[in-house]
$ cat input_26.cif   # mmCIF, C-alpha atoms
data_work
loop_
_atom_site.group_PDB
_atom_site.id
_atom_site.type_symbol
_atom_site.label_atom_id
_atom_site.label_comp_id
_atom_site.auth_asym_id
_atom_site.auth_seq_id
_atom_site.Cartn_x
_atom_site.Cartn_y
_atom_site.Cartn_z
ATOM 1 C CA PRO R 8 287.367 161.243 79.682
ATOM 2 C CA ALA R 9 283.842 160.377 78.649
ATOM 3 C CA PRO R 10 281.861 163.203 76.988
ATOM 4 C CA ALA R 11 279.100 164.729 79.109
ATOM 5 C CA ASP R 12 275.639 163.861 77.827
ATOM 6 C CA THR R 13 273.243 166.784 77.746
ATOM 7 C CA LEU R 14 269.938 167.683 76.138
ATOM 8 C CA PHE R 15 270.903 171.376 76.016
ATOM 9 C CA ASP R 16 271.283 172.718 72.493
ATOM 10 C CA ALA R 17 274.314 175.001 72.543
ATOM 11 C CA GLY R 18 273.150 176.679 69.376
ATOM 12 C CA SER R 19 269.874 177.927 70.859
ATOM 13 C CA PHE R 20 271.060 180.066 73.766
ATOM 14 C CA ARG R 21 268.341 182.041 75.477
ATOM 15 C CA ARG R 22 268.681 184.233 78.522
ATOM 16 C CA PRO R 23 266.111 182.879 80.983
ATOM 17 C CA ASP R 24 263.681 185.100 82.807
ATOM 18 C CA THR R 25 264.643 185.646 86.456
ATOM 19 C CA GLY R 26 261.029 185.090 87.483
ATOM 20 C CA GLY R 27 258.863 187.047 89.889
ATOM 21 C CA LEU R 28 259.989 188.205 93.282
ATOM 22 C CA PRO R 29 257.978 186.726 96.182
ATOM 23 C CA ALA R 30 256.416 189.332 98.452
ATOM 24 C CA ARG R 31 258.189 187.836 101.484
ATOM 25 C CA ALA R 32 261.588 188.214 99.795
ATOM 26 C CA ALA R 33 260.761 191.778 98.742
ATOM 27 C CA ASP R 34 259.749 192.596 102.314
ATOM 28 C CA ASN R 35 263.011 191.228 103.728
ATOM 29 C CA LEU R 36 265.107 193.122 101.175
ATOM 30 C CA PHE R 37 263.208 196.351 101.822
ATOM 31 C CA TRP R 38 263.771 196.098 105.562
ATOM 32 C CA LEU R 39 267.356 194.949 105.143
ATOM 33 C CA GLY R 40 268.023 198.238 103.375
ATOM 34 C CA ARG R 41 266.244 200.198 106.093
ATOM 35 C CA TYR R 42 267.957 198.468 109.015
ATOM 36 C CA ILE R 43 271.431 198.816 107.493
ATOM 37 C CA GLU R 44 270.884 202.521 106.853
ATOM 38 C CA ARG R 45 269.412 202.939 110.335
ATOM 39 C CA THR R 46 272.480 201.321 111.863
ATOM 40 C CA GLU R 47 274.789 203.585 109.864
ATOM 41 C CA GLY R 48 272.859 206.656 110.986
ATOM 42 C CA ALA R 49 273.115 205.556 114.622
ATOM 43 C CA ILE R 50 276.875 205.042 114.278
ATOM 44 C CA ARG R 51 277.344 208.515 112.809
ATOM 45 C CA LEU R 52 275.238 210.086 115.552
ATOM 46 C CA LEU R 53 277.088 208.293 118.348
ATOM 47 C CA ARG R 54 280.434 209.229 116.830
ATOM 48 C CA ALA R 55 279.409 212.890 116.675
ATOM 49 C CA TYR R 56 278.433 212.680 120.361
ATOM 50 C CA HIS R 57 281.759 211.205 121.474
ATOM 51 C CA LEU R 58 283.823 213.575 119.318
ATOM 52 C CA ARG R 59 282.131 216.561 120.981
ATOM 53 C CA LEU R 60 282.577 214.957 124.383
ATOM 54 C CA ALA R 61 286.299 214.520 123.725
ATOM 55 C CA GLU R 62 286.492 218.151 122.644
ATOM 56 C CA ALA R 63 284.405 219.774 125.377
ATOM 57 C CA GLY R 64 284.816 217.279 128.216
ATOM 58 C CA ASP R 65 281.415 218.284 129.562
ATOM 59 C CA PRO R 66 278.239 216.252 128.933
ATOM 60 C CA GLY R 67 276.298 219.434 129.638
ATOM 61 C CA ASP R 68 277.647 221.176 126.549
ATOM 62 C CA PRO R 69 274.676 222.496 124.483
ATOM 63 C CA ARG R 70 275.849 220.637 121.369
ATOM 64 C CA ILE R 71 276.088 217.351 123.264
ATOM 65 C CA ARG R 72 272.675 217.821 124.836
ATOM 66 C CA ARG R 73 271.163 218.452 121.395
ATOM 67 C CA ILE R 74 272.693 215.225 120.063
ATOM 68 C CA ALA R 75 271.374 213.354 123.100
ATOM 69 C CA ASP R 76 267.882 214.720 122.377
ATOM 70 C CA LEU R 77 268.000 213.164 118.903
ATOM 71 C CA MET R 78 269.441 209.889 120.202
ATOM 72 C CA ALA R 79 266.742 209.380 122.832
ATOM 73 C CA PRO R 80 263.894 208.392 120.425
ATOM 74 C CA LEU R 81 266.329 205.950 118.766
ATOM 75 C CA SER R 82 267.021 204.185 122.100
ATOM 76 C CA LEU R 83 270.671 205.283 121.926
ATOM 77 C CA ASP R 84 272.316 205.956 125.266
ATOM 78 C CA ALA R 85 275.951 207.052 125.158
ATOM 79 C CA ALA R 86 276.374 206.013 128.808
ATOM 80 C CA LEU R 87 275.816 202.355 127.910
ATOM 81 C CA ALA R 88 278.022 200.003 125.898
ATOM 82 C CA LEU R 89 278.060 200.764 122.174
ATOM 83 C CA ARG R 90 276.532 197.440 121.225
ATOM 84 C CA HIS R 91 273.526 198.162 123.457
ATOM 85 C CA GLY R 92 272.248 200.770 121.014
ATOM 86 C CA LEU R 93 273.544 199.316 117.741
ATOM 87 C CA ASP R 94 272.809 195.619 118.149
ATOM 88 C CA PRO R 95 268.973 195.671 117.766
ATOM 89 C CA ALA R 96 268.945 197.227 114.279
ATOM 90 C CA LEU R 97 271.996 195.267 113.124
ATOM 91 C CA ALA R 98 270.564 191.976 114.414
ATOM 92 C CA ALA R 99 267.309 192.709 112.577
ATOM 93 C CA ALA R 100 269.290 193.430 109.393
ATOM 94 C CA ARG R 101 271.153 190.151 109.684
ATOM 95 C CA GLN R 102 267.891 188.268 110.256
ATOM 96 C CA CYS R 103 266.405 189.787 107.093
ATOM 97 C CA ALA R 104 269.589 189.072 105.136
ATOM 98 C CA GLY R 105 269.628 185.447 106.293
ATOM 99 C CA LYS R 106 266.257 184.876 104.637
ATOM 100 C CA VAL R 107 267.416 186.195 101.243
ATOM 101 C CA ARG R 108 271.052 185.081 101.106
ATOM 102 C CA ASP R 109 270.573 183.859 97.546
ATOM 103 C CA ARG R 110 269.750 187.407 96.443
ATOM 104 C CA PHE R 111 273.169 189.013 97.044
ATOM 105 C CA SER R 112 276.834 188.021 96.913
ATOM 106 C CA VAL R 113 278.722 185.745 99.275
ATOM 107 C CA ASP R 114 281.128 188.608 99.978
ATOM 108 C CA GLY R 115 278.201 190.773 101.048
ATOM 109 C CA TRP R 116 277.070 188.179 103.576
ATOM 110 C CA ALA R 117 280.661 187.786 104.819
ATOM 111 C CA ALA R 118 280.942 191.566 105.288
ATOM 112 C CA LEU R 119 277.697 191.662 107.287
ATOM 113 C CA THR R 120 278.837 188.737 109.419
ATOM 114 C CA ASP R 121 282.181 190.459 110.063
ATOM 115 C CA LEU R 122 280.407 193.660 111.095
ATOM 116 C CA THR R 123 278.142 191.745 113.491
ATOM 117 C CA GLN R 124 281.090 189.901 115.005
ATOM 118 C CA SER R 125 283.080 193.120 115.396
ATOM 119 C CA LEU R 126 280.205 194.674 117.332
ATOM 120 C CA ARG R 127 279.873 191.632 119.583
ATOM 121 C CA ASN R 128 283.621 191.587 120.260
ATOM 122 C CA LEU R 129 283.646 195.147 121.577
ATOM 123 C CA PRO R 130 284.571 195.390 125.245
ATOM 124 C CA GLY R 131 281.732 195.985 127.628
ATOM 125 C CA THR R 132 283.023 199.434 128.469
ATOM 126 C CA LEU R 133 284.906 201.938 126.347
ATOM 127 C CA ASP R 134 286.187 205.284 127.550
ATOM 128 C CA PRO R 135 283.712 207.977 126.519
ATOM 129 C CA GLY R 136 285.124 210.432 124.050
ATOM 130 C CA ASP R 137 288.014 209.775 121.705
ATOM 131 C CA ASP R 138 288.304 206.016 122.377
ATOM 132 C CA SER R 139 284.645 205.383 121.546
ATOM 133 C CA ALA R 140 284.783 207.713 118.526
ATOM 134 C CA ARG R 141 287.692 205.760 117.007
ATOM 135 C CA THR R 142 285.867 202.461 117.527
ATOM 136 C CA LEU R 143 282.745 203.852 115.896
ATOM 137 C CA GLY R 144 284.862 204.964 112.952
ATOM 138 C CA VAL R 145 285.967 201.360 112.422
ATOM 139 C CA LEU R 146 282.355 200.147 112.523
ATOM 140 C CA LEU R 147 281.345 202.858 110.057
ATOM 141 C CA ARG R 148 283.963 201.713 107.554
ATOM 142 C CA LYS R 149 282.816 198.110 107.914
ATOM 143 C CA ILE R 150 279.151 198.899 107.321
ATOM 144 C CA SER R 151 280.103 201.054 104.335
ATOM 145 C CA GLY R 152 281.976 198.035 102.973
ATOM 146 C CA PHE R 153 278.843 195.900 103.170
ATOM 147 C CA SER R 154 276.715 198.564 101.494
ATOM 148 C CA GLY R 155 279.262 198.975 98.718
ATOM 149 C CA LEU R 156 279.540 195.247 98.049
ATOM 150 C CA VAL R 157 275.784 194.823 97.841
ATOM 151 C CA HIS R 158 275.293 197.880 95.665
ATOM 152 C CA GLU R 159 278.078 197.008 93.223
ATOM 153 C CA ASN R 160 277.455 193.264 92.935
ATOM 154 C CA MET R 161 273.700 192.841 93.170
ATOM 155 C CA HIS R 162 271.818 192.198 89.932
ATOM 156 C CA ARG R 163 269.530 195.109 89.023
ATOM 157 C CA THR R 164 266.256 193.229 89.277
ATOM 158 C CA SER R 165 263.237 193.705 91.546
ATOM 159 C CA GLY R 166 265.190 192.553 94.601
ATOM 160 C CA TRP R 167 267.756 195.322 94.165
ATOM 161 C CA ARG R 168 264.945 197.844 93.688
ATOM 162 C CA PHE R 169 263.279 197.028 97.012
ATOM 163 C CA LEU R 170 266.603 196.979 98.868
ATOM 164 C CA THR R 171 267.612 200.335 97.398
ATOM 165 C CA PHE R 172 264.149 201.803 98.032
ATOM 166 C CA GLY R 173 264.432 200.875 101.720
ATOM 167 C CA ARG R 174 267.889 202.434 102.041
ATOM 168 C CA ALA R 175 266.787 205.613 100.264
ATOM 169 C CA LEU R 176 263.666 206.022 102.396
ATOM 170 C CA GLU R 177 265.576 205.565 105.646
ATOM 171 C CA ARG R 178 268.356 207.934 104.569
ATOM 172 C CA ALA R 179 265.895 210.641 103.539
ATOM 173 C CA ASP R 180 264.045 210.321 106.844
ATOM 174 C CA ARG R 181 267.306 210.496 108.817
ATOM 175 C CA ALA R 182 268.472 213.557 106.861
ATOM 176 C CA ALA R 183 265.201 215.332 107.647
ATOM 177 C CA ALA R 184 265.544 214.460 111.340
ATOM 178 C CA VAL R 185 269.155 215.691 111.440
ATOM 179 C CA LEU R 186 268.270 218.963 109.714
ATOM 180 C CA GLY R 187 265.305 219.514 111.991
ATOM 181 C CA THR R 188 267.497 219.025 115.070
ATOM 182 C CA PHE R 189 270.721 220.800 114.118
ATOM 183 C CA ALA R 190 269.727 223.278 111.394
ATOM 184 C CA GLY R 191 266.548 224.705 112.866
ATOM 185 C CA ALA R 192 265.680 228.321 113.459
ATOM 186 C CA ASP R 193 267.812 228.408 116.643
ATOM 187 C CA SER R 194 270.861 226.695 115.126
ATOM 188 C CA THR R 195 274.432 227.862 115.747
ATOM 189 C CA THR R 196 277.686 227.182 113.914
ATOM 190 C CA GLY R 197 278.519 224.270 116.203
ATOM 191 C CA LEU R 198 275.168 222.599 115.545
ATOM 192 C CA LEU R 199 275.431 223.130 111.801
ATOM 193 C CA ASP R 200 278.823 221.417 111.847
ATOM 194 C CA ILE R 201 277.161 218.381 113.432
ATOM 195 C CA ALA R 202 274.535 218.311 110.673
ATOM 196 C CA LEU R 203 277.270 218.321 108.013
ATOM 197 C CA GLU R 204 279.200 215.613 109.844
ATOM 198 C CA CYS R 205 276.164 213.339 110.184
ATOM 199 C CA GLY R 206 275.472 213.929 106.495
ATOM 200 C CA ASP R 207 279.097 213.189 105.555
ATOM 201 C CA SER R 208 279.186 216.487 103.647
ATOM 202 C CA ARG R 209 281.727 218.687 105.431
ATOM 203 C CA VAL R 210 284.320 218.512 102.659
ATOM 204 C CA THR R 211 281.705 219.238 100.002
ATOM 205 C CA HIS R 212 280.487 222.267 101.964
ATOM 206 C CA GLN R 213 284.011 223.657 102.364
ATOM 207 C CA ARG R 214 284.777 223.216 98.675
ATOM 208 C CA ARG R 215 281.513 224.692 97.413
ATOM 209 C CA TYR R 216 280.644 227.581 99.701
ATOM 210 C CA ARG R 217 284.049 228.531 101.204
ATOM 211 C CA ILE R 218 282.325 230.191 104.149
ATOM 212 C CA ASP R 219 281.317 229.060 107.605
ATOM 213 C CA PRO R 220 278.131 226.991 107.589
ATOM 214 C CA THR R 221 274.868 228.894 107.625
ATOM 215 C CA ARG R 222 271.373 227.507 107.852
ATOM 216 C CA GLU R 223 270.800 228.240 104.165
ATOM 217 C CA THR R 224 273.997 226.563 102.930
ATOM 218 C CA VAL R 225 273.517 223.462 105.084
ATOM 219 C CA THR R 226 269.856 223.120 104.118
ATOM 220 C CA ASP R 227 270.701 223.593 100.455
ATOM 221 C CA LEU R 228 273.346 220.855 100.615
ATOM 222 C CA LEU R 229 271.513 218.302 102.758
ATOM 223 C CA ALA R 230 267.951 218.829 101.544
ATOM 224 C CA LEU R 231 267.906 220.317 98.042
ATOM 225 C CA ASP R 232 271.139 219.307 96.292
ATOM 226 C CA ALA R 233 270.172 216.826 93.570
ATOM 227 C CA ASN R 234 273.827 215.756 93.177
ATOM 228 C CA ASN R 235 274.473 214.974 96.840
ATOM 229 C CA PRO R 236 273.644 211.330 97.713
ATOM 230 C CA ARG R 237 273.107 212.433 101.328
ATOM 231 C CA ALA R 238 270.449 214.985 100.382
ATOM 232 C CA ILE R 239 266.735 214.396 100.838
ATOM 233 C CA VAL R 240 265.869 215.271 97.247
ATOM 234 C CA PHE R 241 268.500 212.878 95.862
ATOM 235 C CA GLN R 242 266.946 209.966 97.736
ATOM 236 C CA VAL R 243 263.370 210.982 96.899
ATOM 237 C CA THR R 244 264.294 211.112 93.197
ATOM 238 C CA ALA R 245 265.907 207.670 93.481
ATOM 239 C CA MET R 246 262.734 206.273 95.051
ATOM 240 C CA ARG R 247 260.585 207.915 92.378
ATOM 241 C CA ARG R 248 262.611 206.316 89.591
ATOM 242 C CA ILE R 249 262.377 202.912 91.259
ATOM 243 C CA ALA R 250 258.621 203.293 91.770
ATOM 244 C CA GLU R 251 258.220 204.009 88.066
ATOM 245 C CA ASP R 252 259.712 200.573 87.293
ATOM 246 C CA LEU R 253 257.630 198.620 89.810
ATOM 247 C CA PRO R 254 254.646 196.529 88.651
ATOM 248 C CA LYS R 255 251.396 198.457 88.198
ATOM 249 C CA ALA R 256 253.135 201.803 88.550
ATOM 250 C CA SER R 257 250.477 203.119 86.167
ATOM 251 C CA VAL R 258 247.071 201.600 85.511
ATOM 252 C CA GLN R 259 244.847 203.088 82.798
ATOM 253 C CA GLY R 260 246.773 206.345 82.879
ATOM 254 C CA ARG R 261 246.632 206.775 86.669
ATOM 255 C CA VAL R 262 249.784 206.364 88.725
ATOM 256 C CA SER R 263 249.962 204.186 91.839
ATOM 257 C CA PRO R 264 249.577 205.767 95.303
ATOM 258 C CA VAL R 265 253.293 205.253 95.979
ATOM 259 C CA LEU R 266 254.350 206.967 92.764
ATOM 260 C CA ARG R 267 251.823 209.769 93.221
ATOM 261 C CA ARG R 268 253.223 210.699 96.633
ATOM 262 C CA LEU R 269 256.798 210.516 95.344
ATOM 263 C CA LEU R 270 256.042 212.667 92.297
ATOM 264 C CA LEU R 271 254.518 215.382 94.467
ATOM 265 C CA LEU R 272 257.306 215.232 97.059
ATOM 266 C CA ASP R 273 260.039 215.202 94.416
ATOM 267 C CA ALA R 274 258.588 218.172 92.533
ATOM 268 C CA GLY R 275 258.056 220.153 95.743
ATOM 269 C CA LEU R 276 261.673 219.708 96.807
ATOM 270 C CA LYS R 277 263.091 220.533 93.381
ATOM 271 C CA VAL R 278 261.345 223.900 93.243
ATOM 272 C CA ALA R 279 261.915 224.812 96.908
ATOM 273 C CA ALA R 280 264.380 227.398 98.181
ATOM 274 C CA PRO R 281 266.455 226.769 101.340
ATOM 275 C CA ALA R 282 264.459 229.357 103.294
ATOM 276 C CA GLU R 283 261.281 227.366 102.584
ATOM 277 C CA ILE R 284 262.613 224.226 104.292
ATOM 278 C CA THR R 285 261.351 225.129 107.745
ATOM 279 C CA ASP R 286 261.080 222.838 110.754
ATOM 280 C CA GLU R 287 257.413 222.297 109.922
ATOM 281 C CA ARG R 288 258.272 221.416 106.304
ATOM 282 C CA LEU R 289 260.847 218.860 107.483
ATOM 283 C CA ALA R 290 258.300 217.306 109.840
ATOM 284 C CA GLY R 291 255.865 217.123 106.927
ATOM 285 C CA ILE R 292 258.481 215.390 104.761
ATOM 286 C CA ARG R 293 259.032 212.766 107.444
ATOM 287 C CA ALA R 294 255.285 212.196 107.738
ATOM 288 C CA GLU R 295 255.003 211.841 103.951
ATOM 289 C CA LEU R 296 257.867 209.314 103.909
ATOM 290 C CA ALA R 297 256.033 207.247 106.525
ATOM 291 C CA LEU R 298 252.928 207.239 104.309
ATOM 292 C CA ILE R 299 255.022 206.185 101.309
ATOM 293 C CA SER R 300 256.370 203.257 103.306
ATOM 294 C CA GLY R 301 252.840 202.233 104.236
ATOM 295 C CA ASP R 302 251.611 202.490 100.649
ATOM 296 C CA LEU R 303 254.534 200.438 99.362
ATOM 297 C CA THR R 304 253.888 197.754 101.985
ATOM 298 C CA ALA R 305 250.165 197.572 101.150
ATOM 299 C CA ALA R 306 250.835 197.354 97.412
ATOM 300 C CA TYR R 307 253.745 194.922 97.240
ATOM 301 C CA LEU R 308 254.860 193.462 100.567
ATOM 302 C CA VAL R 309 251.759 191.744 101.987
#
$ encode --input "input_26.cif" --output "C-alpha cells"
Amino acid sequence: PAPADTLFDAGSFRRPDTGGLPARAADNLFWLGRYIERTEGAIRLLRAYHLRLAEAGDPGDPRIRRIADLMAPLSLDAALALRHGLDPALAAARQCAGKVRDRFSVDGWAALTDLTQSLRNLPGTLDPGDDSARTLGVLLRKISGFSGLVHENMHRTSGWRFLTFGRALERADRAAAVLGTFAGADSTTGLLDIALECGDSRVTHQRRYRIDPTRETVTDLLALDANNPRAIVFQVTAMRRIAEDLPKASVQGRVSPVLRRLLLLDAGLKVAAPAEITDERLAGIRAELALISGDLTAAYLV
C-alpha cells in the first residue's frame, strides 16, 4: 500500500476550537429541550388521568376532573386519540432536531425517530383506562431513552447548554403548574398522590417522610429540594449555573438580565419554607420563568 500524503504534522497536535454557536442553532436546541420536556409532561399527565379512570371508573371523579382542568390549557383531551394531544409538541421537537442533527449523536436521532413512529403507529382508538395507561408508559420509557442518550453523549459546549436550559425551564414551569393544581390550599391525599406521580417522586417521598403525603411534604419535595431533579429549585439552580457560563453573563461588574432574574429566583427558593410556597407564589414563579425565557431569547436567540 502506498503511504498517505498529508501536510499534518503529527508532532504538533492541537485541540481545535469548536467555534461559535449560531443563534439559529441555539434557538433550535433551546426549543428542542422545551418541546421534549413538554411532551414528557403531557404523557405523565395523561397517564395519571387514565390510571385514575381505571381505578374509579367514573370520569366525574374529583381527581379526574382536576387533572382534566390542567390538561385543557395544554390542548389535551383524554376522549380523543393519544396522538391527537402528543403529536404537536413531538412534531415540533423533531423539526427542531432535524435542523441541528450534527449537534447530537446518531443514536439520539434514532431514538427520537422511533418515538415519533411509535406514536404514529398507535391505533386510532384505545380503551380508556388501563389500556391507555400501559401504552403511555411505553411512550414515557421511549422519550426517557432519548433524553438520556442526548444528555450522556452530547459534548458540553454551548449547544448542550441551550438544550439543557430549555429542558430545565420547561420542567420547572410544569412542576409549578402541577403543584398549583394538585397541592393547593384545598388539596386532598388523592390529589397530592397525583402531584408526586407527575413529579416521578412517589418512591422518594415514601422513603424520606414515611407518612401519607401532606401539602408541606409534597411542596418541600417538588419545589424546594435541591437534590431532587424534579424540583423547581433544582432546575432553577441548573439554569443559573448555565447562565453564568454564557457569553456576556457579566459586563463591567453587572450581571445580565437573564442571570439577574435567576439569581433572585434561586435565592428566594433556597431560603423559602414549604408554607411560603402558596398558589400565588407558584403563579409568580411561572411568570418569572416566562420573563427569563424572553430575556434569553432577546440576548442570544435573535
$ closest_atom_pairs --input "input_26.cif" --of "stretch 170-204 of chain R" --to "stretch 59-76 of chain R" --cutoff "12 Å" --atoms "all atoms listed in the file" --output "JSON lines"
{"residue": "R:Ala184", "atom": "CA", "partner": "R:Asp76", "partner_atom": "CA", "distance": 11.3}
{"residue": "R:Val185", "atom": "CA", "partner": "R:Ile74", "partner_atom": "CA", "distance": 9.3}
{"residue": "R:Leu186", "atom": "CA", "partner": "R:Ile74", "partner_atom": "CA", "distance": 11.9}
{"residue": "R:Gly187", "atom": "CA", "partner": "R:Arg73", "partner_atom": "CA", "distance": 11.1}
{"residue": "R:Thr188", "atom": "CA", "partner": "R:Arg73", "partner_atom": "CA", "distance": 7.3}
{"residue": "R:Phe189", "atom": "CA", "partner": "R:Arg73", "partner_atom": "CA", "distance": 7.7}
{"residue": "R:Ala190", "atom": "CA", "partner": "R:Arg73", "partner_atom": "CA", "distance": 11.2}
{"residue": "R:Gly191", "atom": "CA", "partner": "R:Arg73", "partner_atom": "CA", "distance": 11.5}
{"residue": "R:Asp193", "atom": "CA", "partner": "R:Arg73", "partner_atom": "CA", "distance": 11.5}
{"residue": "R:Ser194", "atom": "CA", "partner": "R:Arg70", "partner_atom": "CA", "distance": 10.0}
{"residue": "R:Thr195", "atom": "CA", "partner": "R:Arg70", "partner_atom": "CA", "distance": 9.3}
{"residue": "R:Thr196", "atom": "CA", "partner": "R:Arg70", "partner_atom": "CA", "distance": 10.1}
{"residue": "R:Gly197", "atom": "CA", "partner": "R:Arg70", "partner_atom": "CA", "distance": 6.9}
{"residue": "R:Leu198", "atom": "CA", "partner": "R:Arg70", "partner_atom": "CA", "distance": 6.2}
{"residue": "R:Leu199", "atom": "CA", "partner": "R:Arg70", "partner_atom": "CA", "distance": 9.9}
{"residue": "R:Asp200", "atom": "CA", "partner": "R:Arg70", "partner_atom": "CA", "distance": 10.0}
{"residue": "R:Ile201", "atom": "CA", "partner": "R:Arg70", "partner_atom": "CA", "distance": 8.4}
{"residue": "R:Ala202", "atom": "CA", "partner": "R:Ile74", "partner_atom": "CA", "distance": 10.1}
{"residue": "R:Glu204", "atom": "CA", "partner": "R:Arg59", "partner_atom": "CA", "distance": 11.6}
$ write_last_selection --input "input_26.cif" --atoms "C-alpha atoms" --output "CSV table (one decimal), keeping the file's coordinate frame"
chain,number,residue,atom,x,y,z
R,184,ALA,CA,265.5,214.5,111.3
R,185,VAL,CA,269.2,215.7,111.4
R,186,LEU,CA,268.3,219.0,109.7
R,187,GLY,CA,265.3,219.5,112.0
R,188,THR,CA,267.5,219.0,115.1
R,189,PHE,CA,270.7,220.8,114.1
R,190,ALA,CA,269.7,223.3,111.4
R,191,GLY,CA,266.5,224.7,112.9
R,193,ASP,CA,267.8,228.4,116.6
R,194,SER,CA,270.9,226.7,115.1
R,195,THR,CA,274.4,227.9,115.7
R,196,THR,CA,277.7,227.2,113.9
R,197,GLY,CA,278.5,224.3,116.2
R,198,LEU,CA,275.2,222.6,115.5
R,199,LEU,CA,275.4,223.1,111.8
R,200,ASP,CA,278.8,221.4,111.8
R,201,ILE,CA,277.2,218.4,113.4
R,202,ALA,CA,274.5,218.3,110.7
R,204,GLU,CA,279.2,215.6,109.8
$ resolve_selection --input "input_26.cif" --expression "the PyMOL selection byres ((chain R and resi 112) around 10)" --output "list in words"
Arg108, Asp109, Arg110, Phe111, Val113, Asp114, Gly115, Trp116, Ala117, Ala118, Leu156, Val157, Glu159, Asn160, Met161 and His162 of chain R
$ write_last_selection --input "input_26.cif" --atoms "C-alpha atoms" --output "PDB file, in the frame of the given file"
ATOM      1  CA  ARG R 108     271.052 185.081 101.106  1.00  0.00           C
ATOM      2  CA  ASP R 109     270.573 183.859  97.546  1.00  0.00           C
ATOM      3  CA  ARG R 110     269.750 187.407  96.443  1.00  0.00           C
ATOM      4  CA  PHE R 111     273.169 189.013  97.044  1.00  0.00           C
ATOM      5  CA  VAL R 113     278.722 185.745  99.275  1.00  0.00           C
ATOM      6  CA  ASP R 114     281.128 188.608  99.978  1.00  0.00           C
ATOM      7  CA  GLY R 115     278.201 190.773 101.048  1.00  0.00           C
ATOM      8  CA  TRP R 116     277.070 188.179 103.576  1.00  0.00           C
ATOM      9  CA  ALA R 117     280.661 187.786 104.819  1.00  0.00           C
ATOM     10  CA  ALA R 118     280.942 191.566 105.288  1.00  0.00           C
ATOM     11  CA  LEU R 156     279.540 195.247  98.049  1.00  0.00           C
ATOM     12  CA  VAL R 157     275.784 194.823  97.841  1.00  0.00           C
ATOM     13  CA  GLU R 159     278.078 197.008  93.223  1.00  0.00           C
ATOM     14  CA  ASN R 160     277.455 193.264  92.935  1.00  0.00           C
ATOM     15  CA  MET R 161     273.700 192.841  93.170  1.00  0.00           C
ATOM     16  CA  HIS R 162     271.818 192.198  89.932  1.00  0.00           C
TER      17      HIS R 162
END
$ closest_residue --input "input_26.cif" --among "R:Ala245, R:Leu97, R:Leu143, R:Leu122" --to "R:Ala85" --atoms "all atoms listed in the file"
R:Leu143
$ atom_distance --input "input_26.cif" --atom1 "atom CA of R:Leu176" --atom2 "atom CA of R:Arg163"
18.2 Å
$ resolve_selection --input "input_26.cif" --expression "the PyMOL selection byres ((chain R and resi 303) around 12)" --output "JSON, numbers by chain"
{"R": [30, 33, 34, 37, 38, 169, 172, 173, 176, 246, 247, 249, 250, 253, 254, 255, 256, 263, 264, 265, 266, 267, 268, 269, 296, 297, 298, 299, 300, 301, 302, 304, 305, 306, 307, 308, 309]}
$ write_last_selection --input "input_26.cif" --atoms "C-alpha atoms" --output "mmCIF file, keeping the file's coordinate frame"
data_model
loop_
_atom_site.group_PDB
_atom_site.id
_atom_site.type_symbol
_atom_site.label_atom_id
_atom_site.label_comp_id
_atom_site.auth_asym_id
_atom_site.auth_seq_id
_atom_site.Cartn_x
_atom_site.Cartn_y
_atom_site.Cartn_z
ATOM 1 C CA ALA R 30 256.416 189.332 98.452
ATOM 2 C CA ALA R 33 260.761 191.778 98.742
ATOM 3 C CA ASP R 34 259.749 192.596 102.314
ATOM 4 C CA PHE R 37 263.208 196.351 101.822
ATOM 5 C CA TRP R 38 263.771 196.098 105.562
ATOM 6 C CA PHE R 169 263.279 197.028 97.012
ATOM 7 C CA PHE R 172 264.149 201.803 98.032
ATOM 8 C CA GLY R 173 264.432 200.875 101.720
ATOM 9 C CA LEU R 176 263.666 206.022 102.396
ATOM 10 C CA MET R 246 262.734 206.273 95.051
ATOM 11 C CA ARG R 247 260.585 207.915 92.378
ATOM 12 C CA ILE R 249 262.377 202.912 91.259
ATOM 13 C CA ALA R 250 258.621 203.293 91.770
ATOM 14 C CA LEU R 253 257.630 198.620 89.810
ATOM 15 C CA PRO R 254 254.646 196.529 88.651
ATOM 16 C CA LYS R 255 251.396 198.457 88.198
ATOM 17 C CA ALA R 256 253.135 201.803 88.550
ATOM 18 C CA SER R 263 249.962 204.186 91.839
ATOM 19 C CA PRO R 264 249.577 205.767 95.303
ATOM 20 C CA VAL R 265 253.293 205.253 95.979
ATOM 21 C CA LEU R 266 254.350 206.967 92.764
ATOM 22 C CA ARG R 267 251.823 209.769 93.221
ATOM 23 C CA ARG R 268 253.223 210.699 96.633
ATOM 24 C CA LEU R 269 256.798 210.516 95.344
ATOM 25 C CA LEU R 296 257.867 209.314 103.909
ATOM 26 C CA ALA R 297 256.033 207.247 106.525
ATOM 27 C CA LEU R 298 252.928 207.239 104.309
ATOM 28 C CA ILE R 299 255.022 206.185 101.309
ATOM 29 C CA SER R 300 256.370 203.257 103.306
ATOM 30 C CA GLY R 301 252.840 202.233 104.236
ATOM 31 C CA ASP R 302 251.611 202.490 100.649
ATOM 32 C CA THR R 304 253.888 197.754 101.985
ATOM 33 C CA ALA R 305 250.165 197.572 101.150
ATOM 34 C CA ALA R 306 250.835 197.354 97.412
ATOM 35 C CA TYR R 307 253.745 194.922 97.240
ATOM 36 C CA LEU R 308 254.860 193.462 100.567
ATOM 37 C CA VAL R 309 251.759 191.744 101.987
#
$ resolve_selection --input "input_26.cif" --expression "the PyMOL selection byres ((chain R and resi 90-96) around 9)" --output "PyMOL selection string"
chain R and resi 42-43+45-46+49-50+81-85+87-89+97-101+123+126-127+129+131
$ atom_distance --input "input_26.cif" --atom1 "atom CA of R:Arg141" --atom2 "atom CA of R:Leu52"
13.3 Å
$ atom_distance --input "input_26.cif" --atom1 "atom CA of R:Leu147" --atom2 "atom CA of R:Arg51"
7.5 Å
$ closest_residue --input "input_26.cif" --among "R:Arg168, R:Arg215, R:Arg209, R:Arg288" --to "R:Arg248" --atoms "all atoms listed in the file"
R:Arg168
